[in-house]
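See structure below.
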Amino acid sequence: MACLSPWQLQKFQQDGFLVLEGFLSAEECVAMQQRIGEIVAEMDVPLHCRTEFSTQEEEQLRAQGSTDYFLSSGDKIRFFFEKGVFDEKGNFLVPPEKSINKIGHVSPHQDASFLYTEPLGRVLGVWIAVEDATLENGCLWFIPGSHTSSPSWPAGGVSRRMVRAPVGSAPGTSFLGSEPARDNSLFVPTPVQRGALVLIHGEVVHKSKQNLSDRSRHAYTFHFMEASGTTWSPENWLQPTAELPFPPLYT
């Protein structure tokens with residue numbers, strides 16, 4: 001099994017993210033796209049569950065965060081959509097295959113705001129480009145070093161958290177704290193080619209802009225957690241279930 005080189009590890013620790021080009025072959029990416037196409041072709045989402053995906057607090061609370069469709073999506077295939085793809089009645093304005101933002105689960109955020117652990121720094125995001133991700137179609141942007149307190153980024157840590165409300169309460173989620181103002185000039189674009197893998201520290205600030213091009217930008221994402229000595233917050237929106245507990249990578 002390949003490991004990170006000392007230089008790569010240092011780069012990740014310094015910046016809070018790391019690009020590994022050529023992680024998947026073109027053939028593997030095509031196979032993933034074909035499977036995505038099959039899933040979308042079979043999509044049947046009720047009108048009241050046609051939810052636009054957002055990490056903005058007010059939009060999130062108004063839409064997916066306050067619905068059972070979102071809160072119960074951890075162990076199911078669920079669909080979340082781009083903005084502006086529905087009319088006022090929930091009917092598609094664009095072909096369904098061009099409407100998807102996420103399957104399963106665009107503004108600046110930290111993964112740890114939604115997947116909180118104690119101690120912090122135990123969540124690692126994995127983002128794989130199934131297609132080229134460019135400046136035009138929505139590549140990732142990062143504030144390097146924003147995962148740790150430093151002279152250039154004194155904030156460090158996590159300034160807000162999304163938490164589940166008690167059972168039976170509405171809305172289904174709320175936010176603790178608030179997102180600080182971000183200097184957009186600090187964001188660095190990270191375009192990658194198909195098959196690249198991007199490692200993302202749980203506390204690094206990142207975003208992707210809305211894709212207004214005529215090219216899709218499919219990506220496959222998931223998260224790891226270092227379980228040893230770590231407490232997964234019972235307030236996180238995502239919780240393991242009896243049907244789908246968090247699978248251990250190794251024991």
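Ligands are numbered from 1 in the order shown, chains are lettered A, B, ... in the order of the structure tokens, and residues start at 1 in each chain.
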I'd like the contact shell of Leu186 of chain A - 6 Å cut-off, only C-alpha atoms, skipping same-chain residues fewer than 2 positions apart - returned as a compact mmCIF listing (two decimals) with C-alpha atoms, in the first residue's frame.
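Produced file result_22.txt, reproduced below:
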# COMPACT_ATOMS: atom_id res chain seq x y z
CA ILE A 143 -7.41 29.05 2.65
CA ASP A 183 -11.20 37.51 3.23
CA ASN A 184 -11.84 36.14 -0.26
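Of the residues under consideration (A:Thr241, A:Thr231, A:Gln193, A:Ser5), A:Gln193 shows the shortest atom-to-atom contact distance to Val130 of chain A when counting only C-alpha atoms.
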Quick one: residues within 9 Å of Leu9 of chain A, only C-alpha atoms, excluding same-chain residues fewer than 5 positions away - as a ChimeraX atom specification?
/A:4,14,18
If you run DSSP on the backbone, which residues of segment 168-231 of chain A are strand (DSSP E), as a PDB file with all heavy atoms, in the first residue's frame?
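Final file, part.pdb:
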ATOM      1  N   THR A 173     -32.440  21.025  13.047  1.00  0.00           N
ATOM      2  CA  THR A 173     -31.064  21.361  13.382  1.00  0.00           C
ATOM      3  C   THR A 173     -30.989  22.832  13.762  1.00  0.00           C
ATOM      4  O   THR A 173     -31.876  23.624  13.461  1.00  0.00           O
ATOM      5  CB  THR A 173     -30.109  21.119  12.198  1.00  0.00           C
ATOM      6  OG1 THR A 173     -30.511  21.926  11.091  1.00  0.00           O
ATOM      7  CG2 THR A 173     -30.077  19.659  11.792  1.00  0.00           C
ATOM      8  N   SER A 174     -29.892  23.192  14.416  1.00  0.00           N
ATOM      9  CA  SER A 174     -29.606  24.593  14.709  1.00  0.00           C
ATOM     10  C   SER A 174     -28.101  24.783  14.660  1.00  0.00           C
ATOM     11  O   SER A 174     -27.340  23.809  14.571  1.00  0.00           O
ATOM     12  CB  SER A 174     -30.155  24.989  16.085  1.00  0.00           C
ATOM     13  OG  SER A 174     -29.539  24.227  17.106  1.00  0.00           O
ATOM     14  N   PHE A 175     -27.666  26.026  14.703  1.00  0.00           N
ATOM     15  CA  PHE A 175     -26.241  26.331  14.668  1.00  0.00           C
ATOM     16  C   PHE A 175     -25.809  26.962  15.979  1.00  0.00           C
ATOM     17  O   PHE A 175     -26.494  27.837  16.529  1.00  0.00           O
ATOM     18  CB  PHE A 175     -25.915  27.282  13.511  1.00  0.00           C
ATOM     19  CG  PHE A 175     -25.814  26.591  12.181  1.00  0.00           C
ATOM     20  CD1 PHE A 175     -26.941  26.361  11.414  1.00  0.00           C
ATOM     21  CD2 PHE A 175     -24.588  26.150  11.702  1.00  0.00           C
ATOM     22  CE1 PHE A 175     -26.852  25.717  10.192  1.00  0.00           C
ATOM     23  CE2 PHE A 175     -24.493  25.503  10.487  1.00  0.00           C
ATOM     24  CZ  PHE A 175     -25.618  25.289   9.723  1.00  0.00           C
ATOM     25  N   LEU A 176     -24.655  26.519  16.475  1.00  0.00           N
ATOM     26  CA  LEU A 176     -24.013  27.130  17.628  1.00  0.00           C
ATOM     27  C   LEU A 176     -22.855  27.974  17.123  1.00  0.00           C
ATOM     28  O   LEU A 176     -22.033  27.499  16.336  1.00  0.00           O
ATOM     29  CB  LEU A 176     -23.486  26.056  18.591  1.00  0.00           C
ATOM     30  CG  LEU A 176     -24.498  25.026  19.112  1.00  0.00           C
ATOM     31  CD1 LEU A 176     -23.791  24.015  19.998  1.00  0.00           C
ATOM     32  CD2 LEU A 176     -25.626  25.711  19.869  1.00  0.00           C
ATOM     33  N   GLY A 177     -22.754  29.224  17.576  1.00  0.00           N
ATOM     34  CA  GLY A 177     -21.707  30.096  17.088  1.00  0.00           C
ATOM     35  C   GLY A 177     -22.076  30.688  15.743  1.00  0.00           C
ATOM     36  O   GLY A 177     -23.211  30.563  15.266  1.00  0.00           O
ATOM     37  N   VAL A 188      -7.288  30.076  -2.325  1.00  0.00           N
ATOM     38  CA  VAL A 188      -6.427  29.638  -3.421  1.00  0.00           C
ATOM     39  C   VAL A 188      -7.157  28.566  -4.224  1.00  0.00           C
ATOM     40  O   VAL A 188      -7.589  27.553  -3.649  1.00  0.00           O
ATOM     41  CB  VAL A 188      -5.097  29.071  -2.881  1.00  0.00           C
ATOM     42  CG1 VAL A 188      -4.241  28.512  -4.021  1.00  0.00           C
ATOM     43  CG2 VAL A 188      -4.327  30.152  -2.120  1.00  0.00           C
ATOM     44  N   PRO A 189      -7.327  28.744  -5.536  1.00  0.00           N
ATOM     45  CA  PRO A 189      -7.995  27.720  -6.341  1.00  0.00           C
ATOM     46  C   PRO A 189      -7.133  26.474  -6.479  1.00  0.00           C
ATOM     47  O   PRO A 189      -5.898  26.550  -6.525  1.00  0.00           O
ATOM     48  CB  PRO A 189      -8.207  28.407  -7.687  1.00  0.00           C
ATOM     49  CG  PRO A 189      -7.103  29.417  -7.773  1.00  0.00           C
ATOM     50  CD  PRO A 189      -6.881  29.895  -6.357  1.00  0.00           C
ATOM     51  N   THR A 190      -7.801  25.315  -6.559  1.00  0.00           N
ATOM     52  CA  THR A 190      -7.085  24.048  -6.660  1.00  0.00           C
ATOM     53  C   THR A 190      -7.668  23.209  -7.785  1.00  0.00           C
ATOM     54  O   THR A 190      -8.375  22.211  -7.543  1.00  0.00           O
ATOM     55  CB  THR A 190      -7.168  23.284  -5.315  1.00  0.00           C
ATOM     56  OG1 THR A 190      -6.808  24.160  -4.249  1.00  0.00           O
ATOM     57  CG2 THR A 190      -6.214  22.087  -5.310  1.00  0.00           C
ATOM     58  N   LEU A 197      -7.022  12.823  -6.227  1.00  0.00           N
ATOM     59  CA  LEU A 197      -7.587  12.722  -4.888  1.00  0.00           C
ATOM     60  C   LEU A 197      -7.092  13.910  -4.075  1.00  0.00           C
ATOM     61  O   LEU A 197      -5.908  14.231  -4.095  1.00  0.00           O
ATOM     62  CB  LEU A 197      -7.172  11.408  -4.226  1.00  0.00           C
ATOM     63  CG  LEU A 197      -7.689  11.107  -2.811  1.00  0.00           C
ATOM     64  CD1 LEU A 197      -7.812   9.592  -2.608  1.00  0.00           C
ATOM     65  CD2 LEU A 197      -6.771  11.673  -1.729  1.00  0.00           C
ATOM     66  N   VAL A 198      -8.014  14.559  -3.364  1.00  0.00           N
ATOM     67  CA  VAL A 198      -7.654  15.683  -2.508  1.00  0.00           C
ATOM     68  C   VAL A 198      -7.954  15.300  -1.061  1.00  0.00           C
ATOM     69  O   VAL A 198      -9.094  14.951  -0.730  1.00  0.00           O
ATOM     70  CB  VAL A 198      -8.434  16.963  -2.882  1.00  0.00           C
ATOM     71  CG1 VAL A 198      -7.934  18.144  -2.043  1.00  0.00           C
ATOM     72  CG2 VAL A 198      -8.273  17.270  -4.372  1.00  0.00           C
ATOM     73  N   LEU A 199      -6.926  15.329  -0.218  1.00  0.00           N
ATOM     74  CA  LEU A 199      -7.106  15.115   1.216  1.00  0.00           C
ATOM     75  C   LEU A 199      -7.429  16.449   1.865  1.00  0.00           C
ATOM     76  O   LEU A 199      -6.773  17.461   1.591  1.00  0.00           O
ATOM     77  CB  LEU A 199      -5.828  14.531   1.827  1.00  0.00           C
ATOM     78  CG  LEU A 199      -5.401  13.140   1.361  1.00  0.00           C
ATOM     79  CD1 LEU A 199      -4.065  12.760   1.991  1.00  0.00           C
ATOM     80  CD2 LEU A 199      -6.461  12.104   1.710  1.00  0.00           C
ATOM     81  N   ILE A 200      -8.442  16.466   2.747  1.00  0.00           N
ATOM     82  CA  ILE A 200      -8.924  17.717   3.331  1.00  0.00           C
ATOM     83  C   ILE A 200      -8.982  17.588   4.849  1.00  0.00           C
ATOM     84  O   ILE A 200      -9.728  16.761   5.394  1.00  0.00           O
ATOM     85  CB  ILE A 200     -10.326  18.068   2.788  1.00  0.00           C
ATOM     86  CG1 ILE A 200     -10.309  18.138   1.251  1.00  0.00           C
ATOM     87  CG2 ILE A 200     -10.816  19.390   3.377  1.00  0.00           C
ATOM     88  CD1 ILE A 200     -11.682  18.332   0.638  1.00  0.00           C
ATOM     89  N   HIS A 201      -8.186  18.394   5.534  1.00  0.00           N
ATOM     90  CA  HIS A 201      -8.230  18.436   6.995  1.00  0.00           C
ATOM     91  C   HIS A 201      -9.601  18.932   7.444  1.00  0.00           C
ATOM     92  O   HIS A 201     -10.182  19.830   6.827  1.00  0.00           O
ATOM     93  CB  HIS A 201      -7.133  19.378   7.507  1.00  0.00           C
ATOM     94  CG  HIS A 201      -6.916  19.315   8.983  1.00  0.00           C
ATOM     95  ND1 HIS A 201      -7.770  19.905   9.891  1.00  0.00           N
ATOM     96  CD2 HIS A 201      -5.924  18.738   9.720  1.00  0.00           C
ATOM     97  CE1 HIS A 201      -7.323  19.699  11.119  1.00  0.00           C
ATOM     98  NE2 HIS A 201      -6.214  18.987  11.050  1.00  0.00           N
ATOM     99  N   HIS A 206     -12.701  25.767   3.218  1.00  0.00           N
ATOM    100  CA  HIS A 206     -12.702  25.521   1.780  1.00  0.00           C
ATOM    101  C   HIS A 206     -14.093  25.777   1.218  1.00  0.00           C
ATOM    102  O   HIS A 206     -15.072  25.895   1.956  1.00  0.00           O
ATOM    103  CB  HIS A 206     -12.240  24.091   1.458  1.00  0.00           C
ATOM    104  CG  HIS A 206     -13.067  23.010   2.073  1.00  0.00           C
ATOM    105  ND1 HIS A 206     -13.056  22.728   3.416  1.00  0.00           N
ATOM    106  CD2 HIS A 206     -13.942  22.128   1.519  1.00  0.00           C
ATOM    107  CE1 HIS A 206     -13.866  21.723   3.673  1.00  0.00           C
ATOM    108  NE2 HIS A 206     -14.430  21.345   2.545  1.00  0.00           N
ATOM    109  N   LYS A 207     -14.161  25.851  -0.097  1.00  0.00           N
ATOM    110  CA  LYS A 207     -15.426  26.108  -0.776  1.00  0.00           C
ATOM    111  C   LYS A 207     -15.299  25.651  -2.221  1.00  0.00           C
ATOM    112  O   LYS A 207     -14.213  25.308  -2.700  1.00  0.00           O
ATOM    113  CB  LYS A 207     -15.758  27.607  -0.752  1.00  0.00           C
ATOM    114  CG  LYS A 207     -14.797  28.471  -1.562  1.00  0.00           C
ATOM    115  CD  LYS A 207     -15.200  29.927  -1.549  1.00  0.00           C
ATOM    116  CE  LYS A 207     -14.250  30.786  -2.409  1.00  0.00           C
ATOM    117  NZ  LYS A 207     -14.667  32.208  -2.420  1.00  0.00           N
ATOM    118  N   SER A 208     -16.411  25.646  -2.924  1.00  0.00           N
ATOM    119  CA  SER A 208     -16.402  25.537  -4.382  1.00  0.00           C
ATOM    120  C   SER A 208     -17.479  26.466  -4.902  1.00  0.00           C
ATOM    121  O   SER A 208     -18.542  26.590  -4.292  1.00  0.00           O
ATOM    122  CB  SER A 208     -16.651  24.095  -4.858  1.00  0.00           C
ATOM    123  OG  SER A 208     -17.889  23.613  -4.399  1.00  0.00           O
ATOM    124  N   ALA A 219     -17.695  14.473  -8.631  1.00  0.00           N
ATOM    125  CA  ALA A 219     -16.676  14.129  -7.637  1.00  0.00           C
ATOM    126  C   ALA A 219     -17.278  13.133  -6.656  1.00  0.00           C
ATOM    127  O   ALA A 219     -18.496  13.096  -6.454  1.00  0.00           O
ATOM    128  CB  ALA A 219     -16.183  15.364  -6.901  1.00  0.00           C
ATOM    129  N   TYR A 220     -16.414  12.326  -6.057  1.00  0.00           N
ATOM    130  CA  TYR A 220     -16.830  11.333  -5.068  1.00  0.00           C
ATOM    131  C   TYR A 220     -16.159  11.689  -3.751  1.00  0.00           C
ATOM    132  O   TYR A 220     -14.936  11.835  -3.693  1.00  0.00           O
ATOM    133  CB  TYR A 220     -16.417   9.933  -5.521  1.00  0.00           C
ATOM    134  CG  TYR A 220     -16.786   8.820  -4.563  1.00  0.00           C
ATOM    135  CD1 TYR A 220     -18.115   8.572  -4.240  1.00  0.00           C
ATOM    136  CD2 TYR A 220     -15.809   8.010  -3.990  1.00  0.00           C
ATOM    137  CE1 TYR A 220     -18.463   7.553  -3.363  1.00  0.00           C
ATOM    138  CE2 TYR A 220     -16.143   6.984  -3.116  1.00  0.00           C
ATOM    139  CZ  TYR A 220     -17.469   6.764  -2.806  1.00  0.00           C
ATOM    140  OH  TYR A 220     -17.811   5.762  -1.943  1.00  0.00           O
ATOM    141  N   THR A 221     -16.939  11.855  -2.682  1.00  0.00           N
ATOM    142  CA  THR A 221     -16.373  12.297  -1.416  1.00  0.00           C
ATOM    143  C   THR A 221     -16.826  11.406  -0.267  1.00  0.00           C
ATOM    144  O   THR A 221     -17.921  10.848  -0.284  1.00  0.00           O
ATOM    145  CB  THR A 221     -16.773  13.756  -1.089  1.00  0.00           C
ATOM    146  OG1 THR A 221     -18.180  13.811  -0.851  1.00  0.00           O
ATOM    147  CG2 THR A 221     -16.431  14.689  -2.239  1.00  0.00           C
ATOM    148  N   PHE A 222     -15.969  11.294   0.729  1.00  0.00           N
ATOM    149  CA  PHE A 222     -16.316  10.609   1.974  1.00  0.00           C
ATOM    150  C   PHE A 222     -15.350  11.088   3.053  1.00  0.00           C
ATOM    151  O   PHE A 222     -14.446  11.893   2.780  1.00  0.00           O
ATOM    152  CB  PHE A 222     -16.260   9.077   1.809  1.00  0.00           C
ATOM    153  CG  PHE A 222     -14.967   8.545   1.265  1.00  0.00           C
ATOM    154  CD1 PHE A 222     -13.952   8.127   2.114  1.00  0.00           C
ATOM    155  CD2 PHE A 222     -14.761   8.442  -0.112  1.00  0.00           C
ATOM    156  CE1 PHE A 222     -12.755   7.630   1.607  1.00  0.00           C
ATOM    157  CE2 PHE A 222     -13.574   7.937  -0.627  1.00  0.00           C
ATOM    158  CZ  PHE A 222     -12.572   7.532   0.246  1.00  0.00           C
ATOM    159  N   HIS A 223     -15.551  10.624   4.287  1.00  0.00           N
ATOM    160  CA  HIS A 223     -14.732  11.069   5.410  1.00  0.00           C
ATOM    161  C   HIS A 223     -14.256   9.875   6.223  1.00  0.00           C
ATOM    162  O   HIS A 223     -14.953   8.867   6.348  1.00  0.00           O
ATOM    163  CB  HIS A 223     -15.514  12.020   6.320  1.00  0.00           C
ATOM    164  CG  HIS A 223     -15.860  13.322   5.680  1.00  0.00           C
ATOM    165  ND1 HIS A 223     -16.974  13.481   4.876  1.00  0.00           N
ATOM    166  CD2 HIS A 223     -15.229  14.529   5.706  1.00  0.00           C
ATOM    167  CE1 HIS A 223     -17.019  14.724   4.442  1.00  0.00           C
ATOM    168  NE2 HIS A 223     -15.986  15.381   4.925  1.00  0.00           N
ATOM    169  N   PHE A 224     -13.053  10.031   6.777  1.00  0.00           N
ATOM    170  CA  PHE A 224     -12.511   9.104   7.762  1.00  0.00           C
ATOM    171  C   PHE A 224     -12.484   9.799   9.123  1.00  0.00           C
ATOM    172  O   PHE A 224     -12.338  11.020   9.212  1.00  0.00           O
ATOM    173  CB  PHE A 224     -11.077   8.693   7.419  1.00  0.00           C
ATOM    174  CG  PHE A 224     -10.940   7.826   6.208  1.00  0.00           C
ATOM    175  CD1 PHE A 224     -10.378   8.319   5.048  1.00  0.00           C
ATOM    176  CD2 PHE A 224     -11.356   6.501   6.233  1.00  0.00           C
ATOM    177  CE1 PHE A 224     -10.225   7.526   3.928  1.00  0.00           C
ATOM    178  CE2 PHE A 224     -11.217   5.692   5.111  1.00  0.00           C
ATOM    179  CZ  PHE A 224     -10.642   6.199   3.963  1.00  0.00           C
ATOM    180  N   MET A 225     -12.586   8.995  10.187  1.00  0.00           N
ATOM    181  CA  MET A 225     -12.372   9.505  11.532  1.00  0.00           C
ATOM    182  C   MET A 225     -11.400   8.600  12.264  1.00  0.00           C
ATOM    183  O   MET A 225     -11.531   7.369  12.203  1.00  0.00           O
ATOM    184  CB  MET A 225     -13.693   9.565  12.316  1.00  0.00           C
ATOM    185  CG  MET A 225     -13.517  10.066  13.752  1.00  0.00           C
ATOM    186  SD  MET A 225     -15.034   9.953  14.750  1.00  0.00           S
ATOM    187  CE  MET A 225     -15.166   8.180  15.012  1.00  0.00           C
ATOM    188  N   THR A 231     -14.164  11.058  20.513  1.00  0.00           N
ATOM    189  CA  THR A 231     -15.597  11.015  20.779  1.00  0.00           C
ATOM    190  C   THR A 231     -16.337  11.685  19.631  1.00  0.00           C
ATOM    191  O   THR A 231     -16.078  12.852  19.313  1.00  0.00           O
ATOM    192  CB  THR A 231     -15.945  11.740  22.093  1.00  0.00           C
ATOM    193  OG1 THR A 231     -15.273  11.094  23.184  1.00  0.00           O
ATOM    194  CG2 THR A 231     -17.451  11.716  22.335  1.00  0.00           C
TER     195      THR A 231
END
Separating atom CA of Met43 of chain A from atom CA of Glu88 of chain A, to the nearest tenth of an Å, is a gap of 20.2 Å
Cys29 of chain A environment, 8 Å, only C-alpha atoms, sequence neighbours closer than 3 positions dropped, as a PyMOL selection string: chain A and resi 24-26+32-33+130-131+194-195
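Note that the spacing between atom CA of Ala181 of chain A and atom CA of Ser159 of chain A amounts to 10.9 Å.
Atom CA of Leu115 of chain A is found 26.6 Å from atom CA of Asn137 of chain A.
Using only C-alpha atoms, the nearest neighbour of Val192 of chain A within the list A:Val40, A:Leu212, A:Leu20, A:Val158 is A:Leu20.
Checking A:Val205, A:Val126, A:Val163, A:Val30 one by one against Asp15 of chain A, counting only C-alpha atoms, you find the shortest gap at A:Val205.
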Which polymer residues have any atom within 8 Å of an atom of Tyr116 of chain A, counting only C-alpha atoms, with same-chain residues fewer than 5 positions away left out, as a PDB file with all heavy atoms, in the first residue's frame?
ATOM      1  N   ARG A 161     -21.023  25.337  14.834  1.00  0.00           N
ATOM      2  CA  ARG A 161     -21.357  23.928  14.679  1.00  0.00           C
ATOM      3  C   ARG A 161     -22.823  23.798  14.340  1.00  0.00           C
ATOM      4  O   ARG A 161     -23.660  24.540  14.849  1.00  0.00           O
ATOM      5  CB  ARG A 161     -21.081  23.155  15.970  1.00  0.00           C
ATOM      6  CG  ARG A 161     -19.631  22.968  16.341  1.00  0.00           C
ATOM      7  CD  ARG A 161     -19.535  22.298  17.693  1.00  0.00           C
ATOM      8  NE  ARG A 161     -20.309  21.058  17.729  1.00  0.00           N
ATOM      9  CZ  ARG A 161     -20.702  20.469  18.870  1.00  0.00           C
ATOM     10  NH1 ARG A 161     -20.409  20.989  20.026  1.00  0.00           N
ATOM     11  NH2 ARG A 161     -21.403  19.332  18.821  1.00  0.00           N
ATOM     12  N   TRP A 232     -17.213  10.932  18.973  1.00  0.00           N
ATOM     13  CA  TRP A 232     -18.083  11.479  17.920  1.00  0.00           C
ATOM     14  C   TRP A 232     -19.259  12.149  18.599  1.00  0.00           C
ATOM     15  O   TRP A 232     -19.971  11.539  19.389  1.00  0.00           O
ATOM     16  CB  TRP A 232     -18.561  10.337  17.024  1.00  0.00           C
ATOM     17  CG  TRP A 232     -19.455  10.756  15.894  1.00  0.00           C
ATOM     18  CD1 TRP A 232     -20.821  10.696  15.874  1.00  0.00           C
ATOM     19  CD2 TRP A 232     -19.061  11.282  14.638  1.00  0.00           C
ATOM     20  NE1 TRP A 232     -21.293  11.154  14.673  1.00  0.00           N
ATOM     21  CE2 TRP A 232     -20.235  11.527  13.885  1.00  0.00           C
ATOM     22  CE3 TRP A 232     -17.816  11.576  14.061  1.00  0.00           C
ATOM     23  CZ2 TRP A 232     -20.201  12.045  12.600  1.00  0.00           C
ATOM     24  CZ3 TRP A 232     -17.783  12.092  12.782  1.00  0.00           C
ATOM     25  CH2 TRP A 232     -18.962  12.326  12.061  1.00  0.00           C
ATOM     26  N   SER A 233     -19.459  13.429  18.314  1.00  0.00           N
ATOM     27  CA  SER A 233     -20.479  14.173  19.039  1.00  0.00           C
ATOM     28  C   SER A 233     -21.869  13.582  18.814  1.00  0.00           C
ATOM     29  O   SER A 233     -22.294  13.401  17.670  1.00  0.00           O
ATOM     30  CB  SER A 233     -20.476  15.642  18.617  1.00  0.00           C
ATOM     31  OG  SER A 233     -21.567  16.327  19.220  1.00  0.00           O
ATOM     32  N   ASN A 236     -24.073  15.665  16.434  1.00  0.00           N
ATOM     33  CA  ASN A 236     -23.888  15.764  14.986  1.00  0.00           C
ATOM     34  C   ASN A 236     -25.150  15.323  14.259  1.00  0.00           C
ATOM     35  O   ASN A 236     -25.858  14.412  14.697  1.00  0.00           O
ATOM     36  CB  ASN A 236     -22.722  14.882  14.529  1.00  0.00           C
ATOM     37  CG  ASN A 236     -21.373  15.480  14.879  1.00  0.00           C
ATOM     38  OD1 ASN A 236     -21.248  16.685  15.101  1.00  0.00           O
ATOM     39  ND2 ASN A 236     -20.350  14.638  14.925  1.00  0.00           N
TER      40      ASN A 236
END
